[in-house]
Amino acid sequence: MNLPNLLRNHLPESKSIIGDDEFILLNRKEYHVTQISPVNAVLHNLGFRVSYSYRTLLAICDQLSTGLVGGDFNIIISDPSMAVAGFYCWLKAGGSKNFGRIYAPKGVGRFRGADSILGELLSEFSGNTLSKSDSKPEEQRKALFTIVIGNTKQSNQTIFAIDRYTEIESGFLVLKDYARVDAFDERDYHEQKGVFPAITFEGHALAVKTAGVK
Amino acid sequence: MSKVLQNIDKLVNLGQLVEAEKLLASSNLAPSYRLAIEAAIALKRGDEQKSEIDFLRAVEIDPENPIATGNLAILLFKQKKLKKALTYAETAHKKAPKNETFARIYAACLSDCDRNSEAVAVLEPYTASTKPSLEMLLGYAATLRGDMRAKDSLIVLERAKELYPENEEAERGLADAYAELDPKLAQRIFQEIEEKSPGNVSVGWNRSFVELRLRNFQTGWRLYDYGLLEKIGKIGRPLPPQIKCFKLITDLSDLNKECWTLFSSEQGLGDQVLFLSVFAEALSLYPKSIFIGEDRMLNLVQRSFPSVKAYSYAFGAALIRQQHRVNGVFPLGSLMKYFRTSEDSFVRNKRNYLIPDRQLEEKFNKSIRNHAPGMQLIGISWTGGFWERQKKTKSFDFIDFAKIMNIENCRFISLQYGDTSKEREYAKKNKLPITFIEGIDFKKNIDSWFALACACDRILSVSTALVHFAGAAGKRVDLLLTEFQSPFIWGTEEGDSLPYSDVTIHRKKRDQGVEDFLLHVRKSLI
């Protein structure tokens, strides 16, 4: 039994609890594992089980990506564990055969076979993914809006994502598993690079960069 | 009302809100009046939230405050929070019995709480004058209808038409009322209105049901599409907000076969199942399609239509930036006008199109028949409808149902959704041959509920989604209709239903007692 369930038994009926192994939130409504959540619908159809905090990260990606209306864009994925987030951003940013190139130097892993419209989307996503170890936006694509998605479980993952983010002209950065108690020097590295992300309750780091604004 | 209050009230009504605030600041009004005036000013400024909070605070201090109670009742009524408005409307009405607006709001609140006879009593005195207002007459007619007094309602509407011959609303009210009692007459009135003001979507929407009931499908389905328009709103065919970002398509010729079409389910479960009857035909023409619907229906749709992928409404929202590969949303109900244009087209296309979870069905079959070996299993449902009035017009009392359960070699299985605790208790006390299945929420767990229905030998049910589900699976169903209005698809006659192969309609006559009717139905079960 996980912590939220253990606590649930001790709470009065009027109190609610949501959370997972890492965080607990009291007296907030549950929106992420419901039939109104597009993230939930996509995860279900992809056959992915992810943590509650990953869901909240995808919900943030949902809105940030939807804001990118039309046009080409890049997505940089630092780690295969973030491939779902990469696909989700690509989907919500309007990815297609011609728009939205993905750079995943460590690969994106394998998605479960899907058919119908989701199969078509996954096929185009894979077709647009470059996964060689030195993959990064080509010169002519550097000015495009770029989404950097990273994990911070290891310091080299953090460094990779921050470095990629500092190279882009406009876009946003999302980092999962930020602010872990054992990640000693992550903040130092960010500050050294001039990146000051907002940190959410669940441990997501978010930063946005607009072209022309230093 | 004090002089200061009168002056402030005047300024508020004139829209001179800053002056009103100044006068209020310099006055020494009691706190409840001060709050009520602040709320009224906020309301004038369009801040309904602040207004509601301040009115509520004023009422908390002085529950009889006439400014606060009256305005709060009107505000909540406009926000369609009728149950919440009831207390304030009652106080306002009692404080100012001559005020027709308060009376109408109070009556509407009572009707919303299913207290129709009280609503009738509230409005009746206002209709005694030689020429009551049209709003009062229409409101009175509506409460009479809600109180199941259709004929009295008609008399009031005829009077309204006589007093206000040029007003279309009275005529519309009349057509709506006749839709229950005499659909052919209603059709004529609707046609007359249509001639006078062609293209009126509200009239067209209401008329669609009459035309469909009378099997005039071409006109009926065409007008049925009016239900998708913004103007008709929630009482029509509103689509979920998650898929409103897509182009709404109701014309097959607008579909590009190279793009994906999102066929969307709509309305209640019964309608969803009925409209699925034409889905296979549409898919054969437009194979590049997906189904978008409620989560609880997805497994069933996926199983029944394996060539198409079924997704939830929320998945539609995930495709918001994928419009380049999507034609748009096509509500399934709008397919009917292509594939079910005549009675003959229904008859020709009768087929069983819903497939239950066979493993679940087998599981239920085994467990129930273990307890009732060799017996005929009859699944029953005695109440249905979402709105209170629907419940009243569709349902039979379980106690009346119980009277026909004494059939040799028969075991009844409750397929009734919702709270059945009273019926369980009654059945236990009276040792009725009925089984209630524990632990399944029939409203949420559609797969189990449907499998259980399919495990029964036949179904006996009032007009509820169960009839559509069982009918679409080819089960033998006896459908019980009251003497009141029933869904248009059941037409006006008795006998074989139009959309399903083995659904028989039993219609209670107006002058027939419930017991007599049910005993008559019982004969067909033996």
# chains A, B, ... in the order shown; residues from 1 in each chain; ligands from 1

call {"tool": "residues_around", "arguments": {"residues": "segment 162-175 of chain A", "least_positions_apart": "2", "cutoff": "9 Å", "atoms": "only C-alpha atoms", "output": "PyMOL selection string"}}
result
chain A and resi 57+60-61+64+73-74+76+136+142-152+157-160+177-178+189-190+193-195+197+203-213

call {"tool": "write_last_selection", "arguments": {"atoms": "C-alpha atoms", "output": "tab-separated table (two decimals), in the first residue's frame"}}
result
chain	number	residue	atom	x	y	z
A	57	LEU	CA	4.17	17.18	-16.07
A	60	ILE	CA	1.76	21.26	-18.21
A	61	CYS	CA	3.29	20.16	-21.53
A	64	LEU	CA	2.57	24.88	-23.26
A	73	PHE	CA	9.33	23.26	-34.29
A	74	ASN	CA	11.95	21.05	-32.65
A	76	ILE	CA	14.88	17.59	-27.85
A	136	LYS	CA	20.75	18.11	-32.44
A	142	LYS	CA	18.12	26.48	-34.79
A	143	ALA	CA	15.84	29.49	-34.92
A	144	LEU	CA	12.70	27.36	-34.61
A	145	PHE	CA	10.72	27.08	-31.40
A	146	THR	CA	12.32	24.23	-29.48
A	147	ILE	CA	10.97	22.16	-26.63
A	148	VAL	CA	13.61	20.61	-24.39
A	149	ILE	CA	12.44	17.71	-22.27
A	150	GLY	CA	14.73	16.26	-19.71
A	151	ASN	CA	15.06	14.01	-16.74
A	152	THR	CA	17.26	14.93	-13.80
A	157	GLN	CA	21.02	14.24	-17.69
A	158	THR	CA	20.52	17.60	-16.03
A	159	ILE	CA	23.62	19.04	-17.67
A	160	PHE	CA	22.59	17.72	-21.07
A	177	ASP	CA	12.44	14.78	-10.99
A	178	TYR	CA	13.97	18.10	-10.19
A	189	TYR	CA	24.73	24.38	-12.67
A	190	HIS	CA	21.49	26.09	-13.70
A	193	LYS	CA	24.21	28.85	-17.11
A	194	GLY	CA	21.75	31.65	-16.37
A	195	VAL	CA	18.71	29.40	-16.23
A	197	PRO	CA	13.47	27.52	-13.70
A	203	GLY	CA	9.41	18.44	-8.70
A	204	HIS	CA	9.11	19.70	-12.24
A	205	ALA	CA	11.37	22.48	-13.43
A	206	LEU	CA	9.98	24.83	-16.06
A	207	ALA	CA	11.63	27.61	-18.02
A	208	VAL	CA	10.47	29.56	-21.06
A	209	LYS	CA	12.54	31.50	-23.55
A	210	THR	CA	11.16	33.95	-26.08
A	211	ALA	CA	13.09	34.89	-29.22
A	212	GLY	CA	14.74	38.29	-28.96
A	213	VAL	CA	14.45	38.49	-25.19

call {"tool": "interface_residues", "arguments": {"of": "chain A", "to": "chain B", "cutoff": "9 Å", "atoms": "only C-alpha atoms", "output": "list in words"}}
result
Gln35, Ile36, Ser37, Pro38, Val39, Asn40, Ala41, Val42, Asn45, Asp62, Thr66, Val69, Gly70, Tyr88, Leu91, Lys92, Ala93, Gly94, Gly95, Ser96, Asp115, Ser116 and Ile117 of chain A

call {"tool": "select_by_dssp", "arguments": {"residues": "segment 111-222 of chain B", "states": "helix (DSSP H, G or I)", "output": "JSON, numbers by chain"}}
result
{"B": [111, 112, 116, 117, 118, 119, 120, 121, 122, 123, 124, 125, 126, 127, 134, 135, 136, 137, 138, 139, 140, 141, 142, 143, 144, 145, 146, 150, 151, 152, 153, 154, 155, 156, 157, 158, 159, 160, 161, 162, 163, 168, 169, 170, 171, 172, 173, 174, 175, 176, 177, 178, 179, 180, 181, 183, 184, 185, 186, 187, 188, 189, 190, 191, 192, 193, 194, 195, 196, 201, 202, 203, 204, 205, 206, 207, 208, 209, 210, 211, 212, 213, 217, 218, 219, 220, 221, 222]}

call {"tool": "write_last_selection", "arguments": {"atoms": "C-alpha atoms", "output": "mmCIF file, in the first residue's frame"}}
result
data_model
loop_
_atom_site.group_PDB
_atom_site.id
_atom_site.type_symbol
_atom_site.label_atom_id
_atom_site.label_comp_id
_atom_site.auth_asym_id
_atom_site.auth_seq_id
_atom_site.Cartn_x
_atom_site.Cartn_y
_atom_site.Cartn_z
ATOM 1 C CA SER B 111 -41.570 22.696 -10.090
ATOM 2 C CA ASP B 112 -37.837 22.111 -10.218
ATOM 3 C CA ASN B 116 -45.727 20.757 -9.015
ATOM 4 C CA SER B 117 -49.090 20.871 -7.289
ATOM 5 C CA GLU B 118 -47.780 23.615 -4.960
ATOM 6 C CA ALA B 119 -46.498 25.494 -8.005
ATOM 7 C CA VAL B 120 -49.948 25.275 -9.573
ATOM 8 C CA ALA B 121 -51.502 26.639 -6.369
ATOM 9 C CA VAL B 122 -49.086 29.590 -6.345
ATOM 10 C CA LEU B 123 -49.866 30.665 -9.908
ATOM 11 C CA GLU B 124 -53.574 29.918 -10.081
ATOM 12 C CA PRO B 125 -54.759 33.198 -8.431
ATOM 13 C CA TYR B 126 -52.829 35.278 -10.951
ATOM 14 C CA THR B 127 -54.743 33.771 -13.848
ATOM 15 C CA LEU B 134 -48.885 35.973 -21.345
ATOM 16 C CA GLU B 135 -45.857 35.015 -19.241
ATOM 17 C CA MET B 136 -48.159 34.115 -16.364
ATOM 18 C CA LEU B 137 -50.412 31.994 -18.565
ATOM 19 C CA LEU B 138 -47.482 30.159 -20.142
ATOM 20 C CA GLY B 139 -45.876 29.612 -16.746
ATOM 21 C CA TYR B 140 -49.158 28.329 -15.343
ATOM 22 C CA ALA B 141 -49.621 25.978 -18.302
ATOM 23 C CA ALA B 142 -46.086 24.646 -17.810
ATOM 24 C CA THR B 143 -46.686 23.931 -14.114
ATOM 25 C CA LEU B 144 -49.946 22.169 -14.958
ATOM 26 C CA ARG B 145 -48.088 20.004 -17.448
ATOM 27 C CA GLY B 146 -45.479 19.275 -14.814
ATOM 28 C CA ALA B 150 -52.053 17.932 -19.666
ATOM 29 C CA LYS B 151 -55.684 18.667 -20.471
ATOM 30 C CA ASP B 152 -55.911 21.576 -17.999
ATOM 31 C CA SER B 153 -52.668 22.881 -19.425
ATOM 32 C CA LEU B 154 -54.232 22.839 -22.884
ATOM 33 C CA ILE B 155 -57.214 24.873 -21.698
ATOM 34 C CA VAL B 156 -54.863 27.534 -20.339
ATOM 35 C CA LEU B 157 -52.846 27.566 -23.547
ATOM 36 C CA GLU B 158 -55.987 27.860 -25.679
ATOM 37 C CA ARG B 159 -56.934 30.852 -23.550
ATOM 38 C CA ALA B 160 -53.469 32.334 -23.999
ATOM 39 C CA LYS B 161 -53.798 31.936 -27.757
ATOM 40 C CA GLU B 162 -57.218 33.585 -27.691
ATOM 41 C CA LEU B 163 -56.000 36.523 -25.596
ATOM 42 C CA GLU B 168 -46.193 32.884 -31.409
ATOM 43 C CA GLU B 169 -45.217 31.664 -27.950
ATOM 44 C CA ALA B 170 -48.799 30.775 -27.040
ATOM 45 C CA GLU B 171 -49.163 28.831 -30.249
ATOM 46 C CA ARG B 172 -45.874 27.067 -29.674
ATOM 47 C CA GLY B 173 -46.885 26.153 -26.156
ATOM 48 C CA LEU B 174 -50.061 24.700 -27.575
ATOM 49 C CA ALA B 175 -48.197 22.661 -30.171
ATOM 50 C CA ASP B 176 -45.817 21.345 -27.506
ATOM 51 C CA ALA B 177 -48.721 20.363 -25.268
ATOM 52 C CA TYR B 178 -50.547 18.605 -28.099
ATOM 53 C CA ALA B 179 -47.365 16.720 -28.942
ATOM 54 C CA GLU B 180 -48.210 14.483 -25.994
ATOM 55 C CA LEU B 181 -51.951 14.218 -26.444
ATOM 56 C CA PRO B 183 -49.275 14.417 -32.263
ATOM 57 C CA LYS B 184 -51.159 14.885 -35.539
ATOM 58 C CA LEU B 185 -52.813 18.061 -34.276
ATOM 59 C CA ALA B 186 -49.452 19.216 -32.920
ATOM 60 C CA GLN B 187 -47.940 18.599 -36.338
ATOM 61 C CA ARG B 188 -50.599 20.803 -37.936
ATOM 62 C CA ILE B 189 -50.010 23.634 -35.461
ATOM 63 C CA PHE B 190 -46.245 23.398 -35.960
ATOM 64 C CA GLN B 191 -46.746 23.559 -39.724
ATOM 65 C CA GLU B 192 -48.885 26.687 -39.310
ATOM 66 C CA ILE B 193 -46.219 28.336 -37.155
ATOM 67 C CA GLU B 194 -43.550 27.320 -39.660
ATOM 68 C CA GLU B 195 -45.524 28.947 -42.457
ATOM 69 C CA LYS B 196 -45.848 32.169 -40.476
ATOM 70 C CA VAL B 201 -34.988 26.746 -35.036
ATOM 71 C CA SER B 202 -36.708 26.432 -31.637
ATOM 72 C CA VAL B 203 -39.968 25.566 -33.335
ATOM 73 C CA GLY B 204 -38.170 23.245 -35.731
ATOM 74 C CA TRP B 205 -36.416 21.429 -32.892
ATOM 75 C CA ASN B 206 -39.658 20.808 -30.994
ATOM 76 C CA ARG B 207 -41.398 19.846 -34.209
ATOM 77 C CA SER B 208 -38.733 17.272 -35.035
ATOM 78 C CA PHE B 209 -39.967 14.995 -32.253
ATOM 79 C CA VAL B 210 -43.548 15.139 -33.474
ATOM 80 C CA GLU B 211 -42.492 14.369 -37.045
ATOM 81 C CA LEU B 212 -40.283 11.489 -35.927
ATOM 82 C CA ARG B 213 -43.011 10.107 -33.679
ATOM 83 C CA PHE B 217 -38.500 10.656 -40.947
ATOM 84 C CA GLN B 218 -37.222 12.845 -43.753
ATOM 85 C CA THR B 219 -38.584 16.028 -42.202
ATOM 86 C CA GLY B 220 -38.002 14.777 -38.668
ATOM 87 C CA TRP B 221 -34.297 13.993 -38.982
ATOM 88 C CA ARG B 222 -33.668 17.210 -40.927
#

call {"tool": "closest_residue", "arguments": {"among": "A:Asn98, A:Ser78, A:Asn156, A:Ser53", "to": "Ser131 of chain A", "atoms": "only C-alpha atoms"}}
result
A:Ser78

call {"tool": "residues_around", "arguments": {"residues": "segment 451-461 of chain B", "least_positions_apart": "2", "cutoff": "6 Å", "atoms": "only C-alpha atoms", "output": "ChimeraX atom specification"}}
result
/B:356,360-361,364-365,377-382,448-449,476-480

call {"tool": "select_by_dssp", "arguments": {"residues": "segment 7-115 of chain A", "states": "strand (DSSP E)", "output": "PyMOL selection string"}}
result
chain A and resi 17-19+24-26+73-77+101-103
